[in-house]
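Colleague: See coords.txt below, with compact mmCIF, C-alpha atoms and all ligand atoms.
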# COMPACT_ATOMS: atom_id res chain seq x y z
CA MET A 17 67.71 111.43 83.06
CA ARG A 18 66.41 112.89 79.79
CA ILE A 19 62.75 112.36 80.63
CA ARG A 20 61.44 112.66 84.15
CA ILE A 21 57.84 111.87 85.00
CA GLY A 22 56.22 112.88 88.25
CA SER A 23 53.14 114.01 90.10
CA ALA A 24 51.59 117.35 90.98
CA GLY A 25 51.50 117.05 94.73
CA ILE A 26 51.86 113.94 96.78
CA PRO A 27 50.48 110.89 94.93
CA LEU A 28 47.09 109.72 96.22
CA ILE A 29 48.55 106.43 97.40
CA CYS A 30 51.25 108.24 99.44
CA LYS A 31 48.82 110.64 101.17
CA GLY A 32 48.89 111.14 104.91
CA LYS A 33 52.65 111.31 104.96
CA LYS A 34 54.95 114.23 105.58
CA THR A 35 56.43 115.55 102.33
CA ALA A 36 59.88 114.19 103.18
CA ASP A 37 58.43 110.68 103.66
CA ALA A 38 56.24 110.94 100.56
CA ILE A 39 59.35 111.30 98.37
CA ASP A 40 60.37 107.77 99.22
CA CYS A 41 56.85 106.71 98.15
CA VAL A 42 57.11 108.68 94.87
CA SER A 43 60.39 106.98 94.06
CA LYS A 44 59.08 103.49 94.91
CA LEU A 45 56.15 104.07 92.55
CA GLY A 46 58.70 104.52 89.75
CA LEU A 47 58.39 108.28 89.40
CA SER A 48 61.34 110.68 89.33
CA ALA A 49 59.79 114.12 89.84
CA LEU A 50 57.49 115.81 92.32
CA GLU A 51 55.86 119.23 92.18
CA LEU A 52 55.26 120.66 95.65
CA GLU A 53 51.83 122.29 95.58
CA PHE A 54 51.94 125.58 97.44
CA VAL A 55 48.78 126.61 95.59
CA LYS A 56 46.82 127.50 98.74
CA ARG A 57 49.80 128.26 100.98
CA ILE A 58 53.54 127.77 101.16
CA TYR A 59 53.35 124.92 103.60
CA LEU A 60 57.05 124.11 104.05
CA THR A 61 59.20 125.94 106.59
CA GLU A 62 62.85 126.53 105.73
CA GLU A 63 63.78 123.69 108.05
CA SER A 64 61.37 121.18 106.51
CA ALA A 65 62.42 122.33 103.02
CA ARG A 66 66.03 121.45 103.91
CA GLU A 67 64.90 117.96 104.98
CA VAL A 68 62.77 117.51 101.84
CA GLY A 69 65.74 118.50 99.70
CA LYS A 70 67.99 115.97 101.38
CA VAL A 71 65.54 113.11 100.83
CA ALA A 72 64.87 114.19 97.23
CA ARG A 73 68.59 114.08 96.43
CA LYS A 74 68.90 110.68 98.09
CA PHE A 75 66.13 109.18 95.93
CA ASP A 76 67.01 111.26 92.84
CA VAL A 77 63.54 112.82 92.70
CA SER A 78 63.65 116.17 90.94
CA LEU A 79 61.60 118.87 92.70
CA SER A 80 59.60 121.83 91.47
CA CYS A 81 57.22 124.13 93.37
CA HIS A 82 53.86 125.54 92.31
CA ALA A 83 53.41 129.06 93.69
CA PRO A 84 50.03 130.14 95.18
CA TYR A 85 47.09 130.54 92.77
CA PHE A 86 46.08 134.03 93.92
CA ILE A 87 49.20 135.64 92.41
CA ASN A 88 48.45 138.37 89.88
CA LEU A 89 51.39 140.34 88.51
CA ALA A 90 49.12 142.44 86.29
CA SER A 91 46.54 143.50 88.87
CA LYS A 92 45.07 147.00 88.65
CA ASN A 93 45.74 147.22 92.38
CA PRO A 94 49.45 147.87 93.12
CA LYS A 95 49.07 146.24 96.56
CA VAL A 96 48.06 142.95 94.91
CA ILE A 97 51.14 143.13 92.68
CA GLU A 98 53.37 143.80 95.68
CA ASN A 99 51.81 140.92 97.59
CA SER A 100 52.17 138.65 94.56
CA LYS A 101 55.86 139.50 94.27
CA ASN A 102 56.35 138.71 97.95
CA LEU A 103 54.65 135.32 97.54
CA ILE A 104 56.85 134.53 94.54
CA ALA A 105 59.99 135.58 96.43
CA GLU A 106 58.93 133.40 99.37
CA THR A 107 58.30 130.40 97.10
CA LEU A 108 61.63 130.93 95.31
CA ASN A 109 63.39 131.00 98.67
CA ILE A 110 61.86 127.66 99.72
CA ALA A 111 62.66 126.27 96.25
CA ASP A 112 66.31 127.27 96.61
CA ILE A 113 66.50 125.66 100.03
CA CYS A 114 65.03 122.32 98.90
CA GLY A 115 66.87 122.40 95.57
CA ALA A 116 63.75 122.71 93.39
CA LYS A 117 64.71 123.75 89.88
CA ILE A 118 61.64 125.81 89.02
CA VAL A 119 58.77 127.69 90.63
CA VAL A 120 55.59 127.53 88.55
CA VAL A 121 53.50 130.72 88.46
CA HIS A 122 50.18 131.75 86.88
CA ALA A 123 51.17 135.28 85.98
CA GLY A 124 47.91 137.23 85.71
CA PHE A 125 44.86 138.46 83.79
CA TYR A 126 44.30 140.90 80.92
CA MET A 127 41.21 142.49 82.50
CA GLU A 128 40.11 144.13 79.24
CA ARG A 129 43.50 145.75 78.65
CA PRO A 130 45.63 145.34 75.51
CA ALA A 131 47.73 142.18 75.68
CA GLN A 132 50.96 144.09 75.08
CA ASP A 133 50.35 146.40 78.08
CA VAL A 134 49.76 143.39 80.32
CA TYR A 135 52.83 141.73 78.85
CA LYS A 136 54.96 144.71 79.85
CA MET A 137 53.65 144.71 83.43
CA ILE A 138 54.33 141.00 83.80
CA LYS A 139 57.74 141.24 82.18
CA ASP A 140 58.79 144.12 84.46
CA ALA A 141 57.75 142.10 87.51
CA CYS A 142 59.27 138.79 86.36
CA CYS A 143 62.68 140.17 85.42
CA GLN A 144 63.29 141.40 88.98
CA PHE A 145 63.69 138.07 90.71
CA GLU A 146 67.03 136.54 91.46
CA SER A 147 67.27 132.95 92.62
CA LYS A 148 68.84 129.64 91.74
CA ALA A 149 65.41 128.27 90.88
CA LYS A 150 63.93 129.52 87.62
CA LEU A 151 60.69 131.49 87.59
CA GLY A 152 58.42 129.21 85.53
CA ILE A 153 55.60 131.06 83.78
CA GLU A 154 52.81 128.74 82.68
CA THR A 155 50.75 128.65 79.49
CA MET A 156 47.17 129.22 80.69
CA GLY A 157 43.84 127.69 79.69
CA ARG A 158 41.43 130.63 79.63
CA GLN A 159 41.11 133.50 77.17
CA LYS A 160 41.19 136.12 79.93
CA GLN A 161 44.48 134.82 81.36
CA PHE A 162 47.95 135.94 80.32
CA GLY A 163 49.86 132.96 78.97
CA THR A 164 49.59 132.04 75.30
CA VAL A 165 52.46 129.94 73.96
CA ASN A 166 53.84 132.97 72.09
CA GLU A 167 53.69 135.18 75.18
CA ILE A 168 55.64 132.60 77.15
CA VAL A 169 58.21 132.26 74.35
CA LYS A 170 58.73 136.04 74.34
CA LEU A 171 58.93 136.27 78.14
CA THR A 172 61.50 133.46 78.22
CA GLU A 173 63.58 135.42 75.74
CA ASP A 174 63.13 138.75 77.54
CA CYS A 175 63.84 137.66 81.16
CA GLU A 176 66.95 135.66 81.90
CA ASN A 177 65.52 134.04 85.03
CA VAL A 178 62.23 132.99 83.40
CA ALA A 179 61.72 129.45 82.14
CA PRO A 180 58.62 128.23 80.29
CA VAL A 181 56.06 125.87 81.79
CA ILE A 182 54.12 124.15 79.06
CA ASP A 183 50.71 123.04 80.23
CA PHE A 184 49.59 121.12 77.13
CA ALA A 185 46.02 120.74 78.38
CA HIS A 186 45.79 124.52 78.79
CA VAL A 187 47.08 125.07 75.26
CA HIS A 188 44.59 122.48 74.00
CA ALA A 189 41.65 124.13 75.83
CA ARG A 190 42.62 127.65 74.82
CA GLY A 191 42.73 126.58 71.19
CA ASN A 192 39.34 124.86 71.71
CA GLY A 193 40.86 121.44 71.05
CA GLY A 194 43.93 122.78 69.28
CA LEU A 195 46.30 119.85 69.86
CA LYS A 196 45.14 117.23 67.37
CA THR A 197 48.26 115.90 65.69
CA LYS A 198 51.83 115.05 66.61
CA GLU A 199 52.89 118.13 64.68
CA ASP A 200 50.67 120.32 66.90
CA PHE A 201 52.66 119.18 69.95
CA LYS A 202 56.01 119.33 68.18
CA VAL A 203 55.54 122.91 67.00
CA ILE A 204 55.34 123.97 70.66
CA LEU A 205 58.43 122.01 71.73
CA ASP A 206 60.37 123.41 68.78
CA LYS A 207 59.48 127.02 69.59
CA PHE A 208 61.29 126.65 72.91
CA ASP A 209 64.08 124.54 71.44
CA LYS A 210 64.71 127.30 68.92
CA ILE A 211 65.25 129.93 71.63
CA GLY A 212 67.70 127.66 73.46
CA VAL A 213 65.59 126.16 76.25
CA LYS A 214 67.44 122.97 77.15
CA GLN A 215 65.07 121.64 79.80
CA LEU A 216 61.30 121.91 79.46
CA HIS A 217 58.96 121.72 82.43
CA CYS A 218 55.51 120.44 81.39
CA HIS A 219 52.12 119.76 82.93
CA MET A 220 49.95 116.89 81.73
CA THR A 221 46.26 116.13 82.19
CA GLY A 222 43.20 115.54 80.10
CA ILE A 223 40.89 118.54 80.04
CA LYS A 224 37.27 119.49 79.48
CA TYR A 225 36.89 122.78 77.62
CA GLU A 226 34.27 125.04 76.09
CA ASN A 227 34.64 128.05 73.76
CA GLY A 228 38.40 128.15 74.21
CA ASN A 229 38.32 127.95 78.01
CA GLU A 230 39.25 125.11 80.32
CA LYS A 231 36.47 123.67 82.49
CA HIS A 232 38.06 120.91 84.56
CA HIS A 233 40.71 118.21 84.47
CA LEU A 234 40.03 114.73 83.09
CA PRO A 235 42.04 111.48 83.11
CA LEU A 236 44.41 110.83 80.19
CA SER A 237 41.93 108.28 78.84
CA SER A 238 39.81 111.23 77.67
CA SER A 239 42.47 111.78 74.95
CA GLU A 240 41.81 115.53 75.29
CA PRO A 241 44.54 116.03 74.20
CA ASP A 242 46.00 112.65 73.22
CA PHE A 243 49.25 112.41 75.20
CA ARG A 244 50.32 109.29 73.29
CA LEU A 245 51.27 111.73 70.53
CA LEU A 246 53.60 113.56 72.92
CA ALA A 247 55.09 110.24 74.06
CA GLU A 248 55.81 109.34 70.43
CA ILE A 249 57.57 112.67 69.87
CA LEU A 250 59.67 112.15 73.01
CA ASN A 251 60.56 108.64 71.81
CA GLU A 252 61.66 109.94 68.43
CA ASN A 253 63.53 113.09 69.54
CA GLN A 254 66.04 114.18 72.14
CA TYR A 255 64.12 116.78 74.16
CA ASN A 256 64.90 116.99 77.88
CA VAL A 257 61.58 117.21 79.66
CA THR A 258 59.94 116.88 83.03
CA ILE A 259 56.31 115.82 82.75
CA ILE A 260 54.16 116.49 85.81
CA SER A 261 50.82 114.70 85.95
CA GLU A 262 47.91 116.88 87.07
CA SER A 263 45.34 114.27 86.11
CA PRO A 264 42.63 113.34 88.64
CA LEU A 265 44.35 109.93 88.57
CA ILE A 266 47.65 111.58 89.48
CA GLU A 267 50.09 108.71 89.79
CA GLN A 268 48.12 106.21 87.72
CA ASP A 269 48.25 108.50 84.69
CA ALA A 270 51.88 109.47 85.36
CA LEU A 271 52.71 105.75 85.22
CA LEU A 272 50.51 105.24 82.16
CA PHE A 273 52.47 107.96 80.37
CA LYS A 274 55.71 106.39 81.57
CA SER A 275 54.62 103.07 80.01
CA TRP A 276 54.45 104.82 76.62
CA ILE A 277 58.03 106.08 76.90
CA LYS A 278 60.72 103.73 75.62
CA SER A 279 63.61 104.83 77.80
CA VAL A 280 63.18 106.50 81.16
ZN ZN B 1 49.55 125.77 87.17
When written as structure tokens, how does the structure in this file appear?

Modeller:
Amino acid sequence: MRIRIGSAGIPLICKGKKTADAIDCVSKLGLSALELEFVKRIYLTEESAREVGKVARKFDVSLSCHAPYFINLASKNPKVIENSKNLIAETLNIADICGAKIVVVHAGFYMERPAQDVYKMIKDACCQFESKAKLGIETMGRQKQFGTVNEIVKLTEDCENVAPVIDFAHVHARGNGGLKTKEDFKVILDKFDKIGVKQLHCHMTGIKYENGNEKHHLPLSSSEPDFRLLAEILNENQYNVTIISESPLIEQDALLFKSWIKSV
């Protein structure tokens, strides 16, 4: 499948089910990807991860995992960095067991330090991991967070096990409404295409922003940014992408986006 569309966490309509049972529900909805949200805690045991993996393969639902939010690989406190690395290793282990292709991570904060110093800290930490699943470093939506598009391009080039995670809403917010035209979206896709990324993992939601910082998520109908432009690009080009909906209308907006895609 060249384009997979899925949900961040279990779709609202499938709630109340164990993850393994929710995958059946995801597939019946017409979605082909699911991001397991370990943002507060890594809630799958190795045993349940094995079961989830089995069901995901059966229904051809591609899995990814979102690592906990409190990770900071550029903390001024070495203990926080150590703890962050352990959480990433733990998430990668569960990802490998369930067959998830990528673990999404928010890498860290600048905390008034030069961007290149923070880059080096994050690079040194990221390059250490070894796993089947890729370490997915996300483009972030606030000025104080590490994760501009160019930083993620460079990190993808510098660390073999790192893959980019393009959160278009974050890029849009950080640029204070920066994604206005089809070309604005395409420039980003092409940056990663140019460095040989064959499979792009993306997040999708509308977003409220102020002064170059994200405020909160909005439905796709906000057109902030306008994801129909991305759909057009995907219809006209051959990128391999997984689009994960993080909209407040998780599955509804995932299916809306799917309706704009000619062949999925
Ligand atoms: Zn994220």

Colleague: Set the distance at 9 Å and use only C-alpha atoms: which residues neighbour Met127 in chain A once local chain neighbours fewer than 6 positions away are removed? I'd like the list as a PyMOL selection string.

Modeller: chain A and resi 90-92+134+160-161

Colleague: By how many Å are CA of Glu98 in chain A and CA of Met137 in chain A apart?

Modeller: 12.3 Å

Colleague: Please identify all polymer residues within 12 Å of Ser147 in chain A, counting only C-alpha atoms, omitting same-chain residues fewer than 4 positions from it, and present them as a PyMOL selection string.

Modeller: chain A and resi 104-113+115-119+142-143+151-152+176-178

Colleague: Since we have the selection now, will you write its residues out, keeping C-alpha atoms, as a compact mmCIF listing (two decimals), keeping the file's coordinate frame?

Modeller:
# COMPACT_ATOMS: atom_id res chain seq x y z
CA ILE A 104 56.85 134.53 94.54
CA ALA A 105 59.99 135.58 96.43
CA GLU A 106 58.93 133.40 99.37
CA THR A 107 58.30 130.40 97.10
CA LEU A 108 61.63 130.93 95.31
CA ASN A 109 63.39 131.00 98.67
CA ILE A 110 61.86 127.66 99.72
CA ALA A 111 62.66 126.27 96.25
CA ASP A 112 66.31 127.27 96.61
CA ILE A 113 66.50 125.66 100.03
CA GLY A 115 66.87 122.40 95.57
CA ALA A 116 63.75 122.71 93.39
CA LYS A 117 64.71 123.75 89.88
CA ILE A 118 61.64 125.81 89.02
CA VAL A 119 58.77 127.69 90.63
CA CYS A 142 59.27 138.79 86.36
CA CYS A 143 62.68 140.17 85.42
CA LEU A 151 60.69 131.49 87.59
CA GLY A 152 58.42 129.21 85.53
CA GLU A 176 66.95 135.66 81.90
CA ASN A 177 65.52 134.04 85.03
CA VAL A 178 62.23 132.99 83.40

Colleague: Within 8 Å of ligand ZN 1 (chain B), which residues show up when you count only C-alpha atoms and all ligand atoms? List them as a PyMOL selection string, please.

Modeller: chain A and resi 82+85+120-122+154+156+183+219

Colleague: May I have the selected residues written with C-alpha atoms, as a compact mmCIF listing (two decimals), keeping the file's coordinate frame?

Modeller:
# COMPACT_ATOMS: atom_id res chain seq x y z
CA HIS A 82 53.86 125.54 92.31
CA TYR A 85 47.09 130.54 92.77
CA VAL A 120 55.59 127.53 88.55
CA VAL A 121 53.50 130.72 88.46
CA HIS A 122 50.18 131.75 86.88
CA GLU A 154 52.81 128.74 82.68
CA MET A 156 47.17 129.22 80.69
CA ASP A 183 50.71 123.04 80.23
CA HIS A 219 52.12 119.76 82.93

Colleague: Compile the contact shell of Ser48 in chain A as JSON, numbers by chain: residues with an atom at most 8 Å away, counting only C-alpha atoms, same-chain residues fewer than 2 positions apart removed.

Modeller: {"A": [20, 21, 22, 42, 43, 46, 50, 76, 77, 78]}

Colleague: How would the residues just chosen look if you wrote them out with C-alpha atoms as a PDB file, in the coordinates of the input?

Modeller:
ATOM      1  CA  ARG A  20      61.440 112.660  84.150  1.00  0.00           C
ATOM      2  CA  ILE A  21      57.840 111.870  85.000  1.00  0.00           C
ATOM      3  CA  GLY A  22      56.220 112.880  88.250  1.00  0.00           C
ATOM      4  CA  VAL A  42      57.110 108.680  94.870  1.00  0.00           C
ATOM      5  CA  SER A  43      60.390 106.980  94.060  1.00  0.00           C
ATOM      6  CA  GLY A  46      58.700 104.520  89.750  1.00  0.00           C
ATOM      7  CA  LEU A  50      57.490 115.810  92.320  1.00  0.00           C
ATOM      8  CA  ASP A  76      67.010 111.260  92.840  1.00  0.00           C
ATOM      9  CA  VAL A  77      63.540 112.820  92.700  1.00  0.00           C
ATOM     10  CA  SER A  78      63.650 116.170  90.940  1.00  0.00           C
TER      11      SER A  78
END

Colleague: Measuring atom to atom with all atoms listed in the file, identify which of A:Lys70, A:Lys101, A:Arg57, A:His217 is nearest to Ala36 in chain A.

Modeller: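 Of A:Lys70, A:Lys101, A:Arg57, A:His217, the one nearest Ala36 in chain A, counting all atoms listed in the file, is A:Lys70.
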
Colleague: Would you mind telling me which residue in A:Glu146, A:Thr164, A:Lys44, A:Ile260 lies nearest to Cys81 in chain A when using all atoms listed in the file?

Modeller: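 Smallest separation from Cys81 in chain A among the options: A:Ile260.
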
Colleague: Name the residues in contact with Thr221 in chain A at a cut-off of 12 Å, using only C-alpha atoms, excluding same-chain residues fewer than 4 positions from it; report them as a count of residues only.

Modeller: 38

Colleague: Quote the spacing between CA of Thr197 in chain A and CA of Met220 in chain A in Å to one decimal place.

Modeller: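 Atom-to-atom, CA of Thr197 in chain A and CA of Met220 in chain A are spaced 16.2 Å apart.
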
Colleague: Taking only C-alpha atoms into account, name the residue in A:Leu52, A:Leu103, A:Leu171, A:Cys114 that is nearest to Ser64 in chain A.

Modeller: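 Under the stated criterion, the closest residue is A:Cys114.
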
Colleague: CA of Arg190 in chain A and CA of Thr155 in chain A, how far apart in Å?

Modeller: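 So the answer is 9.4 Å.
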
Colleague: Closest to Asp40 in chain A among A:Pro130, A:Gly163, A:Pro27, A:Gly194, using all atoms listed in the file?

Modeller: A:Pro27

Colleague: Go through A:Cys218, A:Ala131, A:Ala83, A:Ala149 and flag the residue nearest Tyr255 in chain A, using only C-alpha atoms for the distances.

Modeller: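 Smallest distance to Tyr255 in chain A is found for A:Cys218.
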
Colleague: Tell me which of A:Tyr135, A:Val181, A:Leu205, A:Ala141 sits closest to Ile153 in chain A, counting only C-alpha atoms.

Modeller: A:Val181

Colleague: Quick one: everything within 6 Å of Gly124 in chain A, counting only C-alpha atoms, minus sequence neighbours fewer than 5 positions away in the same chain. Send it as a VMD selection string.

Modeller: chain A and resid 88 to 90 162
